[in-house]
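Here the structure comes first, spelled out in structure tokens, and everything after it is commentary.
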Amino acid sequence: MERRRFLTALGLAATTAGLAACTRGGAPGTDAAPTAPAAGRSTAPWQVRHRYGTTTLAAPPQRVVTLGQTDHDAAIALGVVPVAVGGFTGGSYTPFRPWNSAGLAEKPPVLDMMEIPFERVAAQAPDLILAVMSGVTKEDHAKLAAIAPTVAQPVDGEDWAVPYAPHTDLIGRALGRQADAERLVAELDSAFADVRARNAVLAGRTAICAELNGGAYYVLGPAAPRTQFLTDVGLTLDPTLAALAGKEYNAELSRERLDLLDDVDVVVWSTDVADRGTLLEDPLVEALASTSEGRYVLALNGGDDDLLYSMDWGSILSNRWAIDQALPRILRAADGDAATDPND
């Protein structure tokens with residue numbers, strides 16, 4: 001299956017990382033950092049069920065290759081540093097972000113997760129391959145499983161859009177650290193619950209993620225991780241716009257229907273950093289009340305802002321960073337005061 005249209009079309013540009021991972025900055029509605037993984041481990045051998053069958057692990061893995069876009073986040077949170085990670089090659093995209101860099105003494109090699117280099121994967125001598133947040137096919141899985149035990153997408157999971165709970169749970173099972181995974185998920189669930197309790201202003205407010213991509217406009221559906229972050233912090237998806245995408249990752253929004261964004265309480269706009277002017281200077285976008293009243297957040301692809309990927313990854317680590325960094329901007333967009341610019 002194709003990688004999500006937005007990221008492919010934008011050439012996969014992104015920022016470099018360099019801050020501590022999984023830290024709490026005291027932003028409104030945040031909790032303490034998750035605790036270190038517990039000592040409990042699965043007893044070998046154990047089995048893990050996924051989309052393409054059941055994988056048996058004979059012993060705790062020592063050399064893990066992560067081919068899903070965010071699989072290394074979950075592994076690092078569970079105390080396992082991959083020997084190689086998946087990413088996009090040939091551009092400025094990096095899988096190393098502020099929320100995971102503190103867990104890496106050295107940056108491991110990056111393997112193309114779109115055109116999997118099977119020989120390079122084999123050269124890492126892995127004893128486990130994770131391809132959970134991925135688009136691997138049945139044929140890809142068979143080739144990977146011939147190299148090492150391979151865990152693919154969840155049985156009921158979407159390609160490239162596995163929420164943090166089933167994502168962390170499946171990787172925890174694969175690593176033999178299910179109890180640790182359950183605890184990390186419970187801690188993040190609690191952090192989101194605390195955000196909603198402390199920020200009741202978001203309750204009942206509508207939101208949507210929109211993007212300018214290749215000259216066309218799109219809205220993201222409920223399955224997109226960016227969208228899930230908005231609902232996790234307490235916002236409600238605009239029903240008309242969410243229905244346009246339905247179960248798809250996104251849906252095109254014609255220029256004639258851009259006015260549907262007019263009354264949305266919070267619009268999270270994404271586009272390539274080079275197209276910021278094209279977006280904001282479009283007369284139809286300028287004319288939207290959600291624009292003129294400052295009810296939008298810019299999450300640009302590229303430049304020096306990790307905001308887009310913190311929400312778009314939707315991982316056990318990136319969600320923590322997004323609570324610290326994206327939530328304050330969303331609150332400024334939702335406060336109804338045009339003077340509190342969310343994009344300062």
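In the structure tokens, chains take the letters A, B, ... in the order shown, each chain's residues start at 1, and ligands count up from 1 in the order shown.
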
- If you run DSSP on the backbone, which residues of region 231-302 of chain A are helix (DSSP H, G or I), as a ChimeraX atom specification? /A:231-232,239-245,255-261,273-280,283-286,289-292

- Task: Would you kindly return, as a PyMOL selection string, each protein, DNA or RNA residue with an atom no farther than 6 Å from any atom of region 140-157 of chain A, considering only C-alpha atoms and excluding same-chain residues fewer than 4 positions away?
- Result: chain A and resi 50-51+122+127-132+136+162

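Within region 233-332 of chain A, DSSP applied to the backbone places the following residues in strand (DSSP E or B): Thr236, Leu237, Asn250, Ala251, Glu252, Val266, Val267, Val268, Trp269, Ser270, Asp272, Tyr296, Val297, Leu298 and Asn301 of chain A.
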
Written file, previous selection with N, CA and C atoms, as a short mmCIF file (atom, residue, chain, number, x, y, z; two decimals), in the first residue's frame:
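Here's the written file out.cif:
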```cif
data_model
loop_
_atom_site.label_atom_id
_atom_site.label_comp_id
_atom_site.auth_asym_id
_atom_site.auth_seq_id
_atom_site.Cartn_x
_atom_site.Cartn_y
_atom_site.Cartn_z
N THR A 236 -13.37 17.57 19.52
CA THR A 236 -14.33 16.76 18.77
C THR A 236 -14.15 17.03 17.28
N LEU A 237 -14.04 15.99 16.49
CA LEU A 237 -13.87 16.19 15.06
C LEU A 237 -15.11 16.82 14.45
N ASN A 250 -7.22 10.34 4.27
CA ASN A 250 -7.62 11.72 4.01
C ASN A 250 -8.56 11.76 2.81
N ALA A 251 -9.09 12.94 2.55
CA ALA A 251 -9.98 13.15 1.41
C ALA A 251 -9.72 14.55 0.86
N GLU A 252 -9.79 14.67 -0.45
CA GLU A 252 -9.57 15.98 -1.06
C GLU A 252 -10.75 16.91 -0.74
N VAL A 266 -10.80 24.69 15.80
CA VAL A 266 -9.34 24.56 15.69
C VAL A 266 -9.01 23.82 14.41
N VAL A 267 -8.26 24.47 13.52
CA VAL A 267 -7.79 23.82 12.30
C VAL A 267 -6.27 23.66 12.43
N VAL A 268 -5.79 22.42 12.32
CA VAL A 268 -4.36 22.17 12.31
C VAL A 268 -3.95 22.03 10.85
N TRP A 269 -3.26 23.05 10.34
CA TRP A 269 -2.85 23.09 8.94
C TRP A 269 -1.44 22.51 8.80
N SER A 270 -1.25 21.68 7.79
CA SER A 270 0.08 21.17 7.47
C SER A 270 0.37 21.40 5.99
N ASP A 272 4.27 21.74 3.29
CA ASP A 272 5.72 21.85 3.29
C ASP A 272 6.12 23.27 3.71
N TYR A 296 -6.14 28.59 14.19
CA TYR A 296 -5.43 27.55 13.44
C TYR A 296 -4.01 27.41 13.99
N VAL A 297 -3.48 26.20 13.83
CA VAL A 297 -2.11 25.89 14.22
C VAL A 297 -1.38 25.40 12.99
N LEU A 298 -0.20 25.96 12.74
CA LEU A 298 0.63 25.52 11.63
C LEU A 298 1.58 24.42 12.09
N ASN A 301 5.91 20.81 7.54
CA ASN A 301 6.81 19.71 7.23
C ASN A 301 8.15 20.29 6.81
#
```

- Message: Give me, as number ranges by chain, all polymer residues having an atom no more than 8 Å from Thr56 (chain A), counting only C-alpha atoms and skipping those fewer than 5 positions away in the same chain.
- Response: A: 45-48, 149

Wanna dump the region 145-216 of chain A-region 239-245 of chain A contacts at 10 Å for me, each residue with its shortest atom pair and the distance in Å to one decimal, counting only C-alpha atoms, ordered by chain and number, as JSON lines?
```
{"residue": "A:Thr206", "atom": "CA", "partner": "A:Pro239", "partner_atom": "CA", "distance": 8.5}
{"residue": "A:Ala207", "atom": "CA", "partner": "A:Pro239", "partner_atom": "CA", "distance": 9.3}
{"residue": "A:Ile208", "atom": "CA", "partner": "A:Leu241", "partner_atom": "CA", "distance": 7.4}
{"residue": "A:Cys209", "atom": "CA", "partner": "A:Ala242", "partner_atom": "CA", "distance": 9.4}
{"residue": "A:Ala210", "atom": "CA", "partner": "A:Leu241", "partner_atom": "CA", "distance": 9.7}
```

- Skipping near chain neighbours, those fewer than 2 positions away, what residues fall within 10 Å of Leu253 (chain A) using only C-alpha atoms, listed as a list of chain:residue names?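 The residues that qualify are A:Ala210, A:Glu211, A:Leu212, A:Ala216, A:Tyr217, A:Tyr218, A:Val219, A:Leu220, A:Leu241, A:Leu244, A:Ala245, A:Asn250, A:Ala251, A:Arg255, A:Glu256, A:Arg257, A:Leu258, A:Asp259, A:Leu260, A:Leu261.
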
Find the residues around Thr66 (chain A) up to 12 Å (only C-alpha atoms counted), leave out those fewer than 4 positions away in its own chain, and share them as a PDB file with C-alpha atoms, in the first residue's frame.
```pdb
ATOM      1  CA  THR A  70       7.632   4.621  14.813  1.00  0.00           C
ATOM      2  CA  ASP A  71       8.549   1.116  15.980  1.00  0.00           C
ATOM      3  CA  HIS A  72      11.867   2.337  17.362  1.00  0.00           C
ATOM      4  CA  ASP A  73       9.995   4.746  19.657  1.00  0.00           C
ATOM      5  CA  ALA A  74       8.146   1.895  21.345  1.00  0.00           C
ATOM      6  CA  ALA A  75      11.284  -0.250  21.499  1.00  0.00           C
ATOM      7  CA  ILE A  76      13.307   2.566  23.075  1.00  0.00           C
ATOM      8  CA  VAL A  80      15.519  -1.872  23.750  1.00  0.00           C
ATOM      9  CA  VAL A  81      17.796   0.071  21.372  1.00  0.00           C
ATOM     10  CA  PRO A  82      17.428  -1.152  17.778  1.00  0.00           C
ATOM     11  CA  VAL A  83      20.504  -2.073  15.741  1.00  0.00           C
ATOM     12  CA  ALA A  84      18.841  -0.430  12.695  1.00  0.00           C
ATOM     13  CA  VAL A  85      15.675   1.621  12.190  1.00  0.00           C
ATOM     14  CA  GLY A  86      13.296   2.256   9.331  1.00  0.00           C
ATOM     15  CA  GLY A  87      13.025   5.620   7.661  1.00  0.00           C
ATOM     16  CA  PRO A  95      13.738   9.018  12.388  1.00  0.00           C
ATOM     17  CA  PRO A 108      21.790   3.304  14.333  1.00  0.00           C
ATOM     18  CA  PRO A 109      21.750   2.832  10.554  1.00  0.00           C
ATOM     19  CA  VAL A 110      18.591   3.909   8.734  1.00  0.00           C
ATOM     20  CA  LEU A 111      17.024   1.399   6.335  1.00  0.00           C
ATOM     21  CA  ASP A 112      14.515   2.409   3.669  1.00  0.00           C
ATOM     22  CA  MET A 113      11.113   1.294   4.933  1.00  0.00           C
ATOM     23  CA  ILE A 116      13.014  -2.579   1.969  1.00  0.00           C
ATOM     24  CA  VAL A 121      18.385  -6.057   6.868  1.00  0.00           C
ATOM     25  CA  GLN A 124      22.326  -6.561  10.705  1.00  0.00           C
ATOM     26  CA  PRO A 126      18.731  -9.492  13.625  1.00  0.00           C
ATOM     27  CA  ASP A 127      16.985 -11.930  15.909  1.00  0.00           C
ATOM     28  CA  LEU A 128      13.738  -9.926  15.653  1.00  0.00           C
ATOM     29  CA  ILE A 129      12.331  -7.629  12.956  1.00  0.00           C
ATOM     30  CA  LEU A 130       9.499  -5.254  13.821  1.00  0.00           C
ATOM     31  CA  ALA A 131       7.293  -3.893  11.016  1.00  0.00           C
ATOM     32  CA  VAL A 132       4.248  -2.821  13.017  1.00  0.00           C
ATOM     33  CA  MET A 133       3.705   0.819  11.960  1.00  0.00           C
ATOM     34  CA  SER A 134       4.374  -0.040   8.346  1.00  0.00           C
ATOM     35  CA  LEU A 144      11.762 -10.782   6.223  1.00  0.00           C
ATOM     36  CA  THR A 150       9.154 -10.836  12.018  1.00  0.00           C
ATOM     37  CA  VAL A 151       6.141  -9.158  13.609  1.00  0.00           C
ATOM     38  CA  ALA A 152       4.005  -7.148  11.181  1.00  0.00           C
ATOM     39  CA  ILE A 171       5.825  -4.450  20.238  1.00  0.00           C
ATOM     40  CA  ALA A 174       7.253  -9.193  20.590  1.00  0.00           C
ATOM     41  CA  LEU A 175      10.012  -8.058  22.940  1.00  0.00           C
TER      42      LEU A 175
END
```

- Query: Which residues, written as a ChimeraX atom specification, have at least one atom at most 12 Å from Val233 (chain A), with only C-alpha atoms counted and residues fewer than 6 positions away on the same chain left out?
  - Reply: /A:28-30,188-207,226-227,311,319-320,322-324,326-328,330-331

- Task: Give me the residues within 12 Å of Ala186 (chain A) as number ranges by chain, counting only C-alpha atoms and dropping any in the same chain fewer than 2 places off.
- Result: A: 34-35, 164-166, 168-169, 179-184, 188-193, 316

Those same residues - N, CA and C atoms - I'd like them written as an mmCIF file, in the first residue's frame.
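Produced file result_3.cif, reproduced below:
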```cif
data_model
loop_
_atom_site.group_PDB
_atom_site.id
_atom_site.type_symbol
_atom_site.label_atom_id
_atom_site.label_comp_id
_atom_site.auth_asym_id
_atom_site.auth_seq_id
_atom_site.Cartn_x
_atom_site.Cartn_y
_atom_site.Cartn_z
ATOM 1 N N PRO A 34 6.992 8.861 31.995
ATOM 2 C CA PRO A 34 6.759 7.460 32.328
ATOM 3 C C PRO A 34 7.960 6.867 33.039
ATOM 4 N N THR A 35 7.701 5.948 33.939
ATOM 5 C CA THR A 35 8.789 5.345 34.692
ATOM 6 C C THR A 35 9.543 4.343 33.838
ATOM 7 N N TYR A 164 -1.346 4.355 19.461
ATOM 8 C CA TYR A 164 -0.243 4.050 20.370
ATOM 9 C C TYR A 164 -0.503 2.840 21.258
ATOM 10 N N ALA A 165 -1.753 2.597 21.654
ATOM 11 C CA ALA A 165 -2.016 1.478 22.558
ATOM 12 C C ALA A 165 -1.766 0.122 21.890
ATOM 13 N N PRO A 166 -2.426 -0.195 20.767
ATOM 14 C CA PRO A 166 -2.122 -1.487 20.137
ATOM 15 C C PRO A 166 -0.708 -1.557 19.581
ATOM 16 N N THR A 168 2.104 -0.123 20.921
ATOM 17 C CA THR A 168 3.013 -0.418 22.025
ATOM 18 C C THR A 168 2.780 -1.820 22.566
ATOM 19 N N ASP A 169 1.520 -2.225 22.619
ATOM 20 C CA ASP A 169 1.193 -3.554 23.129
ATOM 21 C C ASP A 169 1.821 -4.641 22.257
ATOM 22 N N ALA A 179 4.126 -6.630 30.113
ATOM 23 C CA ALA A 179 3.730 -5.904 31.324
ATOM 24 C C ALA A 179 4.252 -4.470 31.288
ATOM 25 N N ASP A 180 5.474 -4.301 30.802
ATOM 26 C CA ASP A 180 6.040 -2.957 30.675
ATOM 27 C C ASP A 180 5.211 -2.121 29.696
ATOM 28 N N ALA A 181 4.848 -2.744 28.574
ATOM 29 C CA ALA A 181 4.068 -2.034 27.559
ATOM 30 C C ALA A 181 2.719 -1.609 28.115
ATOM 31 N N GLU A 182 2.062 -2.512 28.838
ATOM 32 C CA GLU A 182 0.759 -2.178 29.413
ATOM 33 C C GLU A 182 0.866 -1.000 30.363
ATOM 34 N N ARG A 183 1.936 -0.965 31.140
ATOM 35 C CA ARG A 183 2.111 0.133 32.089
ATOM 36 C C ARG A 183 2.373 1.454 31.377
ATOM 37 N N LEU A 184 3.209 1.430 30.334
ATOM 38 C CA LEU A 184 3.487 2.654 29.582
ATOM 39 C C LEU A 184 2.221 3.201 28.927
ATOM 40 N N LEU A 188 0.315 6.832 29.650
ATOM 41 C CA LEU A 188 -0.044 7.822 28.634
ATOM 42 C C LEU A 188 -1.550 8.053 28.613
ATOM 43 N N ASP A 189 -2.322 6.989 28.772
ATOM 44 C CA ASP A 189 -3.778 7.161 28.900
ATOM 45 C C ASP A 189 -4.094 8.130 30.033
ATOM 46 N N SER A 190 -3.407 7.973 31.156
ATOM 47 C CA SER A 190 -3.635 8.832 32.312
ATOM 48 C C SER A 190 -3.231 10.274 32.008
ATOM 49 N N ALA A 191 -2.123 10.431 31.270
ATOM 50 C CA ALA A 191 -1.681 11.792 30.906
ATOM 51 C C ALA A 191 -2.722 12.480 30.044
ATOM 52 N N PHE A 192 -3.288 11.750 29.085
ATOM 53 C CA PHE A 192 -4.335 12.345 28.242
ATOM 54 C C PHE A 192 -5.591 12.647 29.062
ATOM 55 N N ALA A 193 -5.942 11.761 29.975
ATOM 56 C CA ALA A 193 -7.106 12.016 30.828
ATOM 57 C C ALA A 193 -6.895 13.268 31.670
ATOM 58 N N ILE A 316 4.151 6.186 21.563
ATOM 59 C CA ILE A 316 4.184 6.252 23.027
ATOM 60 C C ILE A 316 5.110 7.361 23.506
#
```

- Item | Of the listed residues A:Val185, A:Leu317, A:Arg120, A:Ala274, that which approaches Ala102 (chain A) most closely, counting only C-alpha atoms |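 Nearest to Ala102 (chain A): A:Leu317.
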
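Atom pair CA of Asp275 (chain A) / CA of Gly246 (chain A) has a distance of 26.9 Å (rounded to one decimal).
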
- Determine the nearest neighbour of Gly79 (chain A) from the options A:Arg41, A:Lys107, A:Arg295, A:Arg49, counting only C-alpha atoms. A:Arg41

- In Å, rounded to a single decimal, give me how far CA of Gln325 (chain A) is from CA of Ala77 (chain A).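 Here the two named atoms are 19.2 Å from each other.
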